[in-house]
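work39.txt follows (compact mmCIF, C-alpha atoms):
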# COMPACT_ATOMS: atom_id res chain seq x y z
CA MET T 167 5.79 -19.84 6.98
CA ASN T 168 8.58 -18.59 4.75
CA PRO T 169 10.00 -21.49 2.74
CA ARG T 170 12.99 -21.04 0.52
CA PHE T 171 11.97 -23.05 -2.46
CA ILE T 172 12.82 -22.65 -6.11
CA LEU T 173 10.39 -21.12 -8.57
CA ALA T 174 7.66 -23.52 -9.60
CA THR T 175 5.78 -23.68 -12.87
CA GLY T 176 2.39 -21.99 -13.19
CA LEU T 177 -1.00 -22.90 -14.55
CA ALA T 178 -2.76 -22.52 -17.87
CA ALA T 179 -4.10 -19.18 -19.17
CA LEU T 180 -7.62 -19.58 -20.51
CA LEU T 181 -10.59 -17.30 -21.15
CA GLY T 182 -12.83 -16.41 -18.18
CA ALA T 183 -16.23 -17.98 -17.66
CA CYS T 184 -19.52 -16.36 -16.71
CA ALA T 185 -20.52 -16.62 -13.03
CA THR T 186 -24.00 -17.66 -14.02
CA ALA T 187 -22.74 -20.93 -15.48
CA PRO T 188 -23.99 -24.05 -13.69
CA ARG T 189 -21.91 -25.32 -10.80
CA GLU T 190 -20.06 -28.51 -11.71
CA SER T 191 -20.57 -31.56 -9.55
CA THR T 192 -17.05 -32.82 -10.32
CA PRO T 193 -13.92 -30.88 -11.28
CA ALA T 194 -13.17 -30.65 -14.99
CA PRO T 195 -9.85 -32.04 -16.27
CA VAL T 196 -6.92 -29.70 -15.69
CA ILE T 197 -5.07 -28.59 -18.82
CA ALA T 198 -1.28 -28.75 -18.90
CA ALA T 199 0.33 -25.54 -17.69
CA PRO T 200 2.84 -23.23 -19.41
CA GLU T 201 5.39 -21.09 -17.59
CA PRO T 202 3.95 -18.17 -15.59
CA VAL T 203 4.19 -14.77 -17.23
CA THR T 204 5.94 -11.74 -15.72
CA VAL T 205 3.91 -8.76 -14.55
CA VAL T 206 6.23 -6.03 -13.30
CA GLU T 207 5.26 -4.42 -10.02
CA ALA T 208 3.77 -0.93 -10.18
CA TYR T 209 5.78 -0.16 -7.05
CA LEU T 210 7.62 -1.68 -4.11
CA SER T 211 7.37 0.26 -0.87
CA ALA T 212 10.41 1.09 1.24
CA GLU T 213 11.60 -1.86 3.31
CA LEU T 214 10.59 -2.18 6.96
CA PRO T 215 12.72 -5.14 8.07
CA THR T 216 11.75 -5.03 11.76
CA GLU T 217 7.97 -5.20 11.25
CA GLU T 218 7.53 -8.75 9.84
CA LEU T 219 4.59 -7.66 7.70
CA ASP T 220 1.97 -10.33 7.16
CA SER T 221 -1.61 -9.52 6.12
CA LEU T 222 -3.21 -6.64 4.20
CA ALA T 223 -6.54 -4.85 3.95
CA ALA T 224 -7.58 -1.84 1.86
CA TRP T 225 -10.03 0.93 2.78
CA PRO T 226 -11.21 3.81 0.50
CA THR T 227 -11.39 7.17 2.26
CA GLU T 228 -14.07 9.81 1.76
CA ASP T 229 -11.59 12.13 0.02
CA GLY T 230 -10.83 9.57 -2.72
CA ARG T 231 -7.64 8.05 -1.34
CA THR T 232 -7.13 4.39 -0.47
CA LEU T 233 -5.43 3.29 2.73
CA LEU T 234 -3.56 0.00 2.84
CA ILE T 235 -3.31 -1.49 6.32
CA ALA T 236 -0.70 -4.16 7.13
CA SER T 237 -0.19 -6.20 10.29
CA GLY T 238 3.31 -6.15 11.79
CA LYS T 239 3.76 -9.40 13.68
CA SER T 240 7.12 -8.66 15.30
CA SER T 241 6.40 -4.98 16.04
CA HIS T 242 2.94 -5.80 17.45
CA ARG T 243 1.29 -2.95 15.59
CA LEU T 244 -0.36 -1.96 12.32
CA VAL T 245 1.35 -0.06 9.52
CA VAL T 246 -0.73 2.23 7.30
CA PHE T 247 0.30 3.02 3.72
CA ASP T 248 -0.99 5.18 0.89
CA ALA T 249 -2.17 2.42 -1.45
CA ASP T 250 -1.59 4.51 -4.59
CA THR T 251 2.07 5.25 -3.87
CA GLY T 252 3.27 2.82 -1.20
CA GLU T 253 4.24 5.69 1.11
CA GLN T 254 4.10 4.83 4.80
CA LEU T 255 1.65 7.16 6.56
CA ARG T 256 1.58 6.07 10.20
CA THR T 257 1.63 3.18 12.65
CA ILE T 258 -1.16 2.12 15.00
CA GLY T 259 -0.82 0.50 18.41
CA GLN T 260 1.90 -1.15 20.44
CA GLU T 261 2.53 -4.43 22.24
CA GLY T 262 0.08 -5.15 25.03
CA GLN T 263 -3.25 -6.65 26.01
CA GLY T 264 -5.39 -3.55 26.43
CA PRO T 265 -7.71 -1.93 23.89
CA GLY T 266 -5.73 -0.57 20.97
CA GLU T 267 -2.75 -2.74 21.87
CA PHE T 268 -1.76 -5.88 19.99
CA LYS T 269 0.17 -9.08 20.50
CA ARG T 270 1.26 -10.81 17.32
CA PRO T 271 -1.44 -9.32 15.02
CA ASN T 272 -1.96 -11.44 11.94
CA GLY T 273 -5.10 -11.42 9.78
CA VAL T 274 -6.75 -8.08 9.00
CA ALA T 275 -9.99 -7.39 7.17
CA VAL T 276 -12.15 -4.36 6.39
CA GLN T 277 -15.94 -4.37 6.32
CA GLY T 278 -17.56 -0.98 5.77
CA ASP T 279 -15.85 1.48 8.10
CA TYR T 280 -14.57 -1.17 10.50
CA LEU T 281 -11.17 -2.85 10.68
CA PHE T 282 -10.95 -6.36 12.15
CA VAL T 283 -7.56 -7.41 13.52
CA VAL T 284 -6.81 -11.01 14.53
CA GLU T 285 -4.29 -11.29 17.38
CA ARG T 286 -2.70 -14.70 17.60
CA ASP T 287 -1.13 -14.29 21.03
CA ASN T 288 -4.00 -12.32 22.59
CA HIS T 289 -6.40 -14.99 21.28
CA ARG T 290 -8.97 -12.48 20.06
CA VAL T 291 -10.25 -10.29 17.26
CA GLN T 292 -10.11 -6.56 17.91
CA VAL T 293 -12.42 -4.21 15.98
CA LEU T 294 -11.48 -0.61 15.21
CA SER T 295 -13.46 2.15 13.52
CA LEU T 296 -12.09 3.93 10.47
CA PRO T 297 -10.56 6.39 9.83
CA ASP T 298 -9.82 7.18 13.50
CA PHE T 299 -8.65 3.65 14.45
CA LYS T 300 -10.59 3.82 17.72
CA VAL T 301 -11.44 0.52 19.41
CA VAL T 302 -15.09 -0.46 19.09
CA GLY T 303 -14.86 -3.86 20.75
CA MET T 304 -13.32 -7.31 20.67
CA PHE T 305 -14.48 -10.91 20.55
CA GLY T 306 -13.30 -14.52 20.54
CA GLU T 307 -11.30 -14.51 23.79
CA LYS T 308 -13.22 -17.48 25.17
CA GLU T 309 -12.92 -19.74 22.11
CA LEU T 310 -9.89 -18.76 20.04
CA ARG T 311 -6.64 -20.56 20.82
CA SER T 312 -4.23 -19.58 18.03
CA PRO T 313 -6.17 -17.51 15.49
CA TYR T 314 -4.63 -16.39 12.20
CA GLY T 315 -6.91 -15.41 9.31
CA ILE T 316 -10.31 -13.77 9.00
CA TRP T 317 -12.96 -13.19 6.35
CA LEU T 318 -16.32 -11.44 6.75
CA THR T 319 -19.57 -11.17 4.85
CA GLU T 320 -22.51 -8.84 5.46
CA THR T 321 -25.75 -10.75 6.05
CA GLU T 322 -27.97 -7.75 6.86
CA PRO T 323 -27.28 -4.01 7.04
CA GLY T 324 -24.91 -3.64 9.97
CA GLU T 325 -24.77 -7.39 10.61
CA PHE T 326 -21.89 -9.66 9.61
CA GLU T 327 -20.64 -13.20 9.84
CA ALA T 328 -16.96 -13.48 10.67
CA TYR T 329 -14.97 -16.64 9.91
CA VAL T 330 -11.70 -16.97 11.84
CA THR T 331 -9.12 -19.71 11.25
CA ASP T 332 -7.77 -21.21 14.46
CA SER T 333 -4.50 -23.08 13.88
CA PHE T 334 -3.71 -24.26 17.41
CA MET T 335 -0.93 -26.85 17.52
CA TYR T 336 0.62 -29.15 20.12
CA GLY T 337 4.14 -30.16 21.11
CA LYS T 338 7.07 -28.24 22.60
CA LYS T 339 7.67 -26.47 19.29
CA PHE T 340 3.98 -26.11 18.45
CA ASP T 341 4.47 -28.16 15.30
CA VAL T 342 2.29 -31.18 16.10
CA VAL T 343 -1.10 -31.26 14.39
CA PRO T 344 -3.93 -32.00 16.86
CA PRO T 345 -5.82 -35.31 16.67
CA PHE T 346 -8.25 -35.50 13.78
CA ASN T 347 -11.28 -35.37 16.06
CA GLU T 348 -10.19 -31.87 17.17
CA LEU T 349 -9.82 -30.50 13.65
CA ASP T 350 -13.50 -29.65 13.48
CA GLN T 351 -12.40 -26.46 15.33
CA ARG T 352 -10.20 -25.13 12.51
CA VAL T 353 -12.69 -22.41 11.49
CA ARG T 354 -14.78 -20.53 14.05
CA ARG T 355 -17.85 -18.53 13.14
CA TYR T 356 -19.11 -15.36 14.84
CA ARG T 357 -22.15 -13.16 14.31
CA VAL T 358 -21.21 -9.50 14.67
CA SER T 359 -23.54 -6.51 14.67
CA PHE T 360 -23.16 -2.77 15.22
CA ASP T 361 -25.59 -0.37 16.87
CA HIS T 362 -26.47 3.04 15.49
CA ASP T 363 -24.48 4.59 18.35
CA GLY T 364 -21.35 2.63 17.36
CA GLY T 365 -21.62 -0.19 19.88
CA MET T 366 -20.72 -3.75 18.86
CA ARG T 367 -22.14 -7.15 19.77
CA ALA T 368 -20.58 -10.52 18.88
CA GLN T 369 -21.93 -14.03 19.36
CA TYR T 370 -20.06 -17.29 18.89
CA ALA T 371 -21.83 -19.50 16.34
CA GLY T 372 -19.73 -22.67 16.44
CA SER T 373 -16.85 -24.17 14.48
CA PHE T 374 -16.27 -26.51 11.57
CA GLY T 375 -13.60 -28.46 9.72
CA ASP T 376 -13.37 -31.87 8.09
CA THR T 377 -11.89 -34.56 10.35
CA ARG T 378 -11.02 -37.27 7.84
CA GLU T 379 -7.33 -38.07 7.50
CA GLU T 380 -7.21 -37.49 3.75
CA SER T 381 -8.97 -34.12 3.80
CA ALA T 382 -8.69 -32.53 7.26
CA LEU T 383 -7.47 -28.94 7.59
CA ARG T 384 -4.13 -29.34 9.35
CA MET T 385 -2.50 -25.87 9.41
CA VAL T 386 -4.82 -23.01 8.50
CA GLU T 387 -4.45 -19.29 7.96
CA SER T 388 -5.86 -17.66 4.83
CA ILE T 389 -9.60 -17.81 4.14
CA ALA T 390 -11.93 -16.04 1.70
CA GLY T 391 -15.48 -16.51 0.54
CA ASP T 392 -17.89 -16.03 -2.35
CA PRO T 393 -21.51 -15.87 -1.13
CA ALA T 394 -22.90 -15.80 -4.69
CA ASN T 395 -21.52 -19.30 -5.24
CA ASP T 396 -21.81 -20.65 -1.66
CA ARG T 397 -18.05 -21.14 -1.55
CA MET T 398 -15.22 -20.58 0.88
CA LEU T 399 -11.61 -21.39 0.05
CA ILE T 400 -9.43 -22.23 3.04
CA ALA T 401 -5.65 -22.60 2.72
CA ASP T 402 -3.99 -25.56 4.38
CA GLU T 403 -0.27 -24.77 4.73
CA ASP T 404 0.93 -28.18 5.92
CA ARG T 405 3.37 -29.32 3.21
CA ARG T 406 4.02 -32.53 5.15
CA HIS T 407 0.63 -33.65 3.88
CA LEU T 408 -0.62 -31.43 1.05
CA SER T 409 -0.66 -27.65 0.86
CA THR T 410 -3.64 -26.47 -1.15
CA LEU T 411 -6.93 -24.59 -0.82
CA ARG T 412 -9.99 -26.62 0.12
CA GLU T 413 -13.55 -25.70 -0.79
CA TYR T 414 -16.22 -25.41 1.91
CA SER T 415 -19.84 -24.33 1.73
CA PHE T 416 -21.13 -21.60 4.02
CA SER T 417 -22.82 -24.26 6.11
CA GLY T 418 -19.34 -25.50 7.01
CA ARG T 419 -19.44 -28.61 4.79
CA TYR T 420 -16.31 -29.71 2.97
CA THR T 421 -17.33 -30.29 -0.66
CA GLY T 422 -14.51 -32.69 -1.50
CA ARG T 423 -12.95 -30.21 -3.92
CA THR T 424 -9.53 -28.59 -3.78
CA LEU T 425 -7.58 -26.46 -6.16
CA PRO T 426 -5.47 -28.62 -8.51
CA GLN T 427 -3.18 -30.84 -6.44
CA ASP T 428 -0.03 -29.83 -8.31
CA ALA T 429 -0.78 -26.09 -8.23
CA PHE T 430 1.46 -25.18 -5.30
CA GLY T 431 5.21 -25.73 -5.19
CA ALA T 432 5.47 -24.25 -1.69
CA GLU T 433 2.76 -23.22 0.77
CA ALA T 434 -0.69 -22.13 -0.33
CA GLU T 435 -1.00 -18.71 1.27
CA GLY T 436 -3.06 -15.56 0.67
CA VAL T 437 -6.29 -15.83 -1.30
CA ALA T 438 -8.59 -13.14 -2.74
CA LEU T 439 -11.62 -12.99 -5.02
CA TRP T 440 -11.52 -10.65 -8.03
CA THR T 441 -15.14 -10.02 -9.01
CA CYS T 442 -15.94 -8.64 -12.46
CA PRO T 443 -18.89 -6.28 -13.13
CA ASP T 444 -20.78 -8.95 -15.11
CA GLY T 445 -20.62 -11.41 -12.20
CA SER T 446 -17.73 -13.49 -13.48
CA GLY T 447 -14.33 -13.31 -11.90
CA TYR T 448 -11.16 -14.97 -10.68
CA TRP T 449 -9.73 -16.40 -7.50
CA ILE T 450 -6.13 -15.30 -6.88
CA ALA T 451 -4.06 -17.64 -4.71
CA VAL T 452 -0.48 -17.22 -3.54
CA ASP T 453 2.22 -19.84 -3.97
CA GLN T 454 4.76 -18.69 -1.36
CA LEU T 455 7.90 -19.29 -3.38
CA ALA T 456 11.40 -17.87 -3.64
CA PRO T 457 13.09 -16.32 -5.53
CA LEU T 458 9.68 -15.18 -6.86
CA THR T 459 6.16 -15.65 -5.57
CA ILE T 460 3.73 -17.11 -8.11
CA PHE T 461 0.16 -15.84 -8.19
CA HIS T 462 -2.30 -18.39 -9.58
CA LEU T 463 -5.66 -17.39 -11.04
CA PHE T 464 -8.67 -19.71 -11.11
CA ASP T 465 -12.12 -19.26 -12.60
CA ARG T 466 -14.59 -17.93 -10.05
CA VAL T 467 -17.17 -20.65 -10.71
CA THR T 468 -15.42 -23.72 -12.11
CA LEU T 469 -12.10 -23.29 -10.24
CA GLN T 470 -10.30 -24.15 -13.46
CA PRO T 471 -6.88 -22.47 -13.86
CA ARG T 472 -6.85 -19.24 -15.83
CA GLY T 473 -3.15 -18.38 -15.71
CA SER T 474 -0.25 -17.59 -13.41
CA PHE T 475 2.16 -14.71 -13.04
CA HIS T 476 5.03 -13.48 -10.94
CA GLY T 477 6.57 -10.07 -10.46
CA ALA T 478 10.11 -8.95 -11.08
CA THR T 479 10.95 -8.90 -7.35
CA THR T 480 8.09 -10.03 -5.10
CA ALA T 481 8.96 -13.14 -3.08
CA ARG T 482 7.77 -15.21 -0.10
CA THR T 483 4.40 -13.54 -0.02
CA ASP T 484 2.12 -14.02 2.97
CA GLY T 485 -0.94 -11.81 2.67
CA VAL T 486 -2.63 -10.18 -0.31
CA ALA T 487 -5.41 -7.62 -0.69
CA LEU T 488 -7.34 -7.00 -3.88
CA HIS T 489 -8.87 -3.55 -4.40
CA ALA T 490 -10.78 -3.69 -7.67
CA ALA T 491 -12.30 -0.21 -7.39
CA ALA T 492 -10.68 2.58 -9.38
CA SER T 493 -8.25 4.87 -7.57
CA ALA T 494 -6.00 7.72 -8.61
CA GLY T 495 -2.99 5.45 -8.98
CA PHE T 496 -4.83 2.39 -10.27
CA PRO T 497 -7.83 3.22 -12.51
CA GLY T 498 -8.44 -0.49 -13.10
CA GLY T 499 -7.80 -1.61 -9.53
CA ALA T 500 -4.78 -3.20 -7.88
CA LEU T 501 -3.50 -6.34 -6.19
CA PHE T 502 -1.32 -5.67 -3.15
CA ALA T 503 1.06 -8.31 -1.79
CA VAL T 504 3.58 -8.55 1.03
CA HIS T 505 7.15 -8.92 -0.25
CA ASP T 506 9.57 -10.94 1.90
CA ASP T 507 7.92 -9.76 5.16
CA LYS T 508 9.51 -6.32 4.62
CA SER T 509 7.61 -4.25 2.07
CA ILE T 510 4.47 -3.94 -0.04
CA ALA T 511 4.27 -4.76 -3.75
CA ALA T 512 1.48 -3.40 -5.95
CA PHE T 513 0.31 -4.88 -9.25
CA ASP T 514 -1.92 -2.96 -11.65
CA LEU T 515 -4.89 -5.21 -12.46
CA ARG T 516 -4.90 -3.88 -16.03
CA ASP T 517 -1.40 -5.30 -16.44
CA VAL T 518 -2.50 -8.64 -14.99
CA ALA T 519 -5.54 -8.86 -17.28
CA ARG T 520 -3.54 -7.92 -20.35
CA SER T 521 -0.67 -10.30 -19.60
CA LEU T 522 -2.97 -13.29 -19.01
CA ASN T 523 -5.47 -12.45 -21.77
CA LEU T 524 -8.27 -12.12 -19.23
CA LYS T 525 -11.56 -10.37 -19.79
CA GLN T 526 -10.80 -6.66 -20.09
CA GLY T 527 -14.22 -5.83 -18.63
CA CYS T 528 -12.88 -6.72 -15.17
CA THR T 529 -10.76 -3.58 -15.11
CA GLU T 530 -13.34 -1.10 -16.40

Representation of the structure as structure tokens:
Amino acid sequence: MNPRFILATGLAALLGACATAPRESTPAPVIAAPEPVTVVEAYLSAELPTEELDSLAAWPTEDGRTLLIASGKSSHRLVVFDADTGEQLRTIGQEGQGPGEFKRPNGVAVQGDYLFVVERDNHRVQVLSLPDFKVVGMFGEKELRSPYGIWLTETEPGEFEAYVTDSFMYGKKFDVVPPFNELDQRVRRYRVSFDHDGGMRAQYAGSFGDTREESALRMVESIAGDPANDRMLIADEDRRHLSTLREYSFSGRYTGRTLPQDAFGAEAEGVALWTCPDGSGYWIAVDQLAPLTIFHLFDRVTLQPRGSFHGATTARTDGVALHAAASAGFPGGALFAVHDDKSIAAFDLRDVARSLNLKQGCTE
């Protein structure tokens, strides 16, 4: 997951489009790309070389702070940071199979006051309440084989749909992609609800994934969605074929669209949606490069490129979390990214918007 590739070129910087524009039936021509711009990190947290940090999720507290929660794959626990400063606050859990214990935690996501943690080697999703990090329940043990990423959307008050990527592989080194007829299990869907007394129920709702050779999801991890535009973007990391993000509808249908084929010089990794107050916005997708990660921005509706940037230090990024709400340290919101599996980088969204000539209304 951590390639050592040279810095690739970025994509074009154009003006944002309104989210109410009509959805295109075919992708528009891609304009030639200039070099990515530099956006200097607002901070880099202290290094934690033994954690193997992977995925991130942000949660605003009642007292106005923002917690940033990272999964530590090698330490089998969660690491909690102050999102405004990068200061480490505490760790949660230890290696094990019981409630509140983890085995190779990977994807994390926050919905309301609940934290969802995907455990690859426990083959489940564990749900914790916030801010106390108490276990509410778990699901997926019967279906999940090698889960990685997760994204959730609220369908009714207290009811959610959870989409979990399941990148099970074959072979002695677990590097053999399953037969195409099994790749319709790459994304698994669950219906999750919470009772007024804090209890949780989860129901498996099936799986999906294209099975054609030219467009099947081979190695999956990051996933994110946009209900307003009936769109999910799912990262396929298999560079032996083509590493990109593929577009699916919420019904589980592959639309035939991907992000531009030449967008990623390494593996397509973390993905997040930056929604603007007027309904427009940008997709942010990670190109997991070294010596510097490149962050590509695409129009929320048309998926056309809107610019690319890199930091001064951030490299080999896995997960990202976008927190667009104002906080004490970031009045215009922030993008958080894992740096080299060891620390957290923060980018001020005002700096990103200014550097790429994006709509300033997104940071107000």

Self-check item: Atomic distance atom CA of T:Ile258 - atom CA of T:Ala275, expressed in Å with one decimal
Solution: 15.2 Å

Quiz item: Do you have the atom CA of T:Arg406-atom CA of T:Gly238 distance handy?
Solution: 27.2 Å

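Take the candidates T:Ala503, T:Val276, T:Leu383, T:Met304 and check each one against T:Tyr356 using all atoms listed in the file; the shortest distance goes to T:Met304.
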
Exercise. Excluding T:Ile389 and any residue of its chain fewer than 2 positions from it, enumerate the residues within 9 Å of it, using all atoms listed in the file, and give them as a PyMOL selection string.
Key: chain T and resi 315-317+329-331+386-387+391+398-401+411+436-438

Quiz item: Suppose you want the space between atom CA of T:Ser211 and atom CA of T:Gly495; what is it in Å?
Solution: 14.1 Å

Practice problem: Around the point (-3.5, -12.4, 3.1), in the coordinates given by the file, pick out the residues reaching within 7 Å, counting all atoms listed in the file, and return them as a VMD selection string. | Solution: chain T and resid 221 to 222 273 388 436 to 437 484 to 487

Practice problem: Give me the residues within 10 Å of T:Gly372 as a list in words, counting only C-alpha atoms and dropping any in the same chain fewer than 6 places off. | Solution: Glu309, Asp350, Gln351, Val353, Arg354, Arg355, Tyr356 and Gly418 of chain T

Go ahead and dump the residues you just picked, C-alpha atoms, as a CSV table (one decimal), keeping the file's coordinate frame.
chain,number,residue,atom,x,y,z
T,309,GLU,CA,-12.9,-19.7,22.1
T,350,ASP,CA,-13.5,-29.6,13.5
T,351,GLN,CA,-12.4,-26.5,15.3
T,353,VAL,CA,-12.7,-22.4,11.5
T,354,ARG,CA,-14.8,-20.5,14.0
T,355,ARG,CA,-17.8,-18.5,13.1
T,356,TYR,CA,-19.1,-15.4,14.8
T,418,GLY,CA,-19.3,-25.5,7.0

Exercise. Just the residues within 9 Å of T:Val205, please, counting all atoms listed in the file, with nothing from its chain fewer than 5 positions along; format it as a list in words.
Key: Phe475, His476, Gly477, Ala478, Phe513, Asp514, Asp517, Val518 and Ser521 of chain T

Exercise. Rank nothing, just name the residue among T:Phe268, T:Phe496, T:Trp225, T:Tyr280 nearest to T:Ser241, using all atoms listed in the file.
Key: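 Selected residue with least distance to T:Ser241: T:Phe268.
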
Using only the atoms of stretch 453-471 of chain T listed in the file, plus 4 Å on each side, state the axis-aligned box centre and edge lengths in Å rounded to one decimal, as lines of an AutoDock Vina configuration file.
center_x = -2.0
center_y = -19.7
center_z = -7.6
size_x = 38.3
size_y = 17.0
size_z = 20.5

Do a neighbour search on T:Ser312 at 12 Å with only C-alpha atoms, toss out local chain neighbours closer than 6 positions, and write the hits as a JSON list (two decimals) with C-alpha atoms, in the frame of the given file.
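result_5.json, freshly written:
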[["chain", "number", "residue", "atom", "x", "y", "z"],
["T", 269, "LYS", "CA", 0.17, -9.08, 20.50],
["T", 270, "ARG", "CA", 1.26, -10.81, 17.32],
["T", 271, "PRO", "CA", -1.44, -9.32, 15.02],
["T", 272, "ASN", "CA", -1.96, -11.44, 11.94],
["T", 273, "GLY", "CA", -5.10, -11.42, 9.78],
["T", 284, "VAL", "CA", -6.81, -11.01, 14.53],
["T", 285, "GLU", "CA", -4.29, -11.29, 17.38],
["T", 286, "ARG", "CA", -2.70, -14.70, 17.60],
["T", 287, "ASP", "CA", -1.13, -14.29, 21.03],
["T", 288, "ASN", "CA", -4.00, -12.32, 22.59],
["T", 289, "HIS", "CA", -6.40, -14.99, 21.28],
["T", 290, "ARG", "CA", -8.97, -12.48, 20.06],
["T", 291, "VAL", "CA", -10.25, -10.29, 17.26],
["T", 306, "GLY", "CA", -13.30, -14.52, 20.54],
["T", 330, "VAL", "CA", -11.70, -16.97, 11.84],
["T", 331, "THR", "CA", -9.12, -19.71, 11.25],
["T", 332, "ASP", "CA", -7.77, -21.21, 14.46],
["T", 333, "SER", "CA", -4.50, -23.08, 13.88],
["T", 334, "PHE", "CA", -3.71, -24.26, 17.41],
["T", 335, "MET", "CA", -0.93, -26.85, 17.52],
["T", 336, "TYR", "CA", 0.62, -29.15, 20.12],
["T", 340, "PHE", "CA", 3.98, -26.11, 18.45],
["T", 351, "GLN", "CA", -12.40, -26.46, 15.33],
["T", 352, "ARG", "CA", -10.20, -25.13, 12.51],
["T", 353, "VAL", "CA", -12.69, -22.41, 11.49],
["T", 354, "ARG", "CA", -14.78, -20.53, 14.05],
["T", 385, "MET", "CA", -2.50, -25.87, 9.41],
["T", 386, "VAL", "CA", -4.82, -23.01, 8.50],
["T", 387, "GLU", "CA", -4.45, -19.29, 7.96]]
